[in-house]
Amino acid sequence: MSALNLDDFAHLIERPDGGVRRDAEERRARLAVPPGALGRLDELGEWLAAAQQQVPVRPVGRTRVLLFAGDHGVAELGVSARPAGGTKDLVRAVLDGASPAAVLARGAGAQLRVVDLSVDCDPEELPEDVTRHRVRRGSGRIDIEDALTAEEAEAAFRAGMAVADEEADAGTDLVVLGDLSVGGTTAASTLIAALCGTDASVVTGRGGAPIDDLAWMRKCAAIRDALRRARPVLGDQLELLATIGGADLTAMTGFLLQSAVRRTPVILDGVVSAACALVAQRVAFRAPDWWVAGQASGEPAQAKALDRIALNPLLDHGVTAGEGTGALLALPLVQAAAALAAELPVRD
């Protein structure tokens, strides 16, 4: 296996086609509906046209909801409302169709896929197609140890790239990206604080299942301790992910970068996908042009990351459920933008 060189992504990733986007803007000006009357739907339609390299845009028909799953050792400190090692139950709820993401995916006609990178359970407890990319069982406790070894970090990153290639080869035309994790918001907030040069208290939120004040203080202390370990490795994004990220976040970062290489547009969900997007932006500055932010989750770290990436969330409904729920709520807007851009009549 050849050595992984993240610098290659800066050369491989191109922006969505600017010429096609201009053609889409010109076509929009000739629609019967006045310019500006459709608000951000115009912007989304032009973004999709540029990504697809065609005008009029093709309606979105093959959407995949991807949920990267993993447990985080830092959850042992009581930083989450869920028990440490509880990701298996989240995965099972999704597979059983009993989670908000599963319900919304069915309603939107989107296929849902769970990718286990580091769930803390025996592989035999989950389907083989879920666990086949697993790197390890749980990630290290980032306040006192690395989340991953260097070899595990590379394996997780490559797993994310492989999933991006699988989806592109299968004809997926839009990905809704989310996570299933316990302790994941702590790792994500640490990544964002490290990359933004921010203090732990500024990025520490209450999580998807809100925590009380004592748990918030434990979470803030864990992020502060993990930040001390992160700062010496800020120059190497893969080493940073190995130090304070975890297998699921590392894989999501690899997925985002390879999806940009393969010209697959992505809707981001909450703070975890925002953290991975921020790391990916540091690797390849053109990559964010392939993403939209689905919703504002209320997590302060997410707001900081999206501001740094210059992405404006489509929705702000106060949804904190995580697990891809916010991005799925934004999916109908993207589908509507594509349908309107494709089907509205053009004036003579």
# chains A, B, ... in the order shown; residues from 1 in each chain; ligands from 1
$ closest_atom_pairs --of "range 269-309 of chain A" --to "range 181-193 of chain A" --cutoff "7 Å" --atoms "only C-alpha atoms" --output "tab-separated table"
residue	atom	partner	partner_atom	distance
A:Val271	CA	A:Ala188	CA	6.5
A:Val272	CA	A:Ala188	CA	5.2
A:Ala275	CA	A:Ala188	CA	5.3
A:Ala301	CA	A:Ser189	CA	5.5
A:Ala305	CA	A:Ile192	CA	6.2
$ closest_atom_pairs --of "range 49-75 of chain A" --to "range 16-27 of chain A" --cutoff "12 Å" --atoms "only C-alpha atoms" --output "CSV"
residue,atom,partner,partner_atom,distance
A:Ala49,CA,A:Arg21,CA,6.3
A:Ala50,CA,A:Asp17,CA,4.8
A:Ala51,CA,A:Pro16,CA,4.9
A:Gln52,CA,A:Pro16,CA,8.1
A:Gln53,CA,A:Val20,CA,5.9
A:Gln54,CA,A:Val20,CA,6.4
A:Val55,CA,A:Ala24,CA,5.9
A:Pro56,CA,A:Ala24,CA,6.9
A:Val57,CA,A:Ala24,CA,8.0
A:Arg58,CA,A:Ala24,CA,11.8
$ residues_around --residues "range 71-80 of chain A" --least-positions-apart "5" --cutoff "8 Å" --atoms "only C-alpha atoms" --output "ChimeraX atom specification"
/A:85-87,118-120,137-143,147,181-184,186-187,207,209-211,215-216,218-219,222,246
$ residues_around --residues "Leu278 in chain A" --least-positions-apart "6" --cutoff "12 Å" --atoms "only C-alpha atoms" --output "ChimeraX atom specification"
/A:188-196,237,241,249-250,252-253,256-257,268,271-272,284-288,291,301-311
$ decode --residues "range 153-167 of chain A" --atoms "N, CA, C and O atoms" --output "compact mmCIF listing (two decimals), in the first residue's frame"
# COMPACT_ATOMS: atom_id res chain seq x y z
N ALA A 153 -5.01 5.44 11.95
CA ALA A 153 -5.50 6.68 11.35
C ALA A 153 -5.47 6.59 9.82
O ALA A 153 -6.42 6.98 9.14
N GLU A 154 -4.39 6.05 9.28
CA GLU A 154 -4.31 5.91 7.82
C GLU A 154 -5.37 4.92 7.32
O GLU A 154 -6.01 5.14 6.29
N ALA A 155 -5.57 3.82 8.06
CA ALA A 155 -6.57 2.83 7.66
C ALA A 155 -7.97 3.45 7.67
O ALA A 155 -8.78 3.21 6.77
N ALA A 156 -8.27 4.25 8.71
CA ALA A 156 -9.58 4.89 8.79
C ALA A 156 -9.77 5.90 7.67
O ALA A 156 -10.84 5.98 7.04
N PHE A 157 -8.75 6.69 7.40
CA PHE A 157 -8.82 7.68 6.32
C PHE A 157 -9.06 6.99 4.98
O PHE A 157 -9.91 7.42 4.19
N ARG A 158 -8.34 5.92 4.74
CA ARG A 158 -8.51 5.17 3.49
C ARG A 158 -9.90 4.52 3.42
O ARG A 158 -10.47 4.40 2.33
N ALA A 159 -10.42 4.10 4.58
CA ALA A 159 -11.77 3.53 4.59
C ALA A 159 -12.79 4.57 4.13
O ALA A 159 -13.70 4.27 3.35
N GLY A 160 -12.64 5.81 4.63
CA GLY A 160 -13.54 6.87 4.19
C GLY A 160 -13.42 7.14 2.70
O GLY A 160 -14.43 7.35 2.01
N MET A 161 -12.20 7.14 2.18
CA MET A 161 -11.99 7.30 0.74
C MET A 161 -12.66 6.17 -0.04
O MET A 161 -13.29 6.40 -1.08
N ALA A 162 -12.54 4.95 0.47
CA ALA A 162 -13.13 3.80 -0.21
C ALA A 162 -14.65 3.92 -0.27
O ALA A 162 -15.28 3.60 -1.28
N VAL A 163 -15.27 4.39 0.83
CA VAL A 163 -16.72 4.57 0.85
C VAL A 163 -17.12 5.63 -0.18
O VAL A 163 -18.12 5.47 -0.89
N ALA A 164 -16.35 6.71 -0.29
CA ALA A 164 -16.64 7.74 -1.29
C ALA A 164 -16.58 7.16 -2.70
O ALA A 164 -17.44 7.47 -3.55
N ASP A 165 -15.59 6.34 -2.96
CA ASP A 165 -15.47 5.71 -4.28
C ASP A 165 -16.63 4.75 -4.53
O ASP A 165 -17.17 4.69 -5.64
N GLU A 166 -17.01 3.99 -3.51
CA GLU A 166 -18.14 3.07 -3.66
C GLU A 166 -19.41 3.81 -4.02
O GLU A 166 -20.17 3.38 -4.91
N GLU A 167 -19.66 4.93 -3.37
CA GLU A 167 -20.87 5.69 -3.64
C GLU A 167 -20.83 6.33 -5.02
O GLU A 167 -21.82 6.33 -5.76
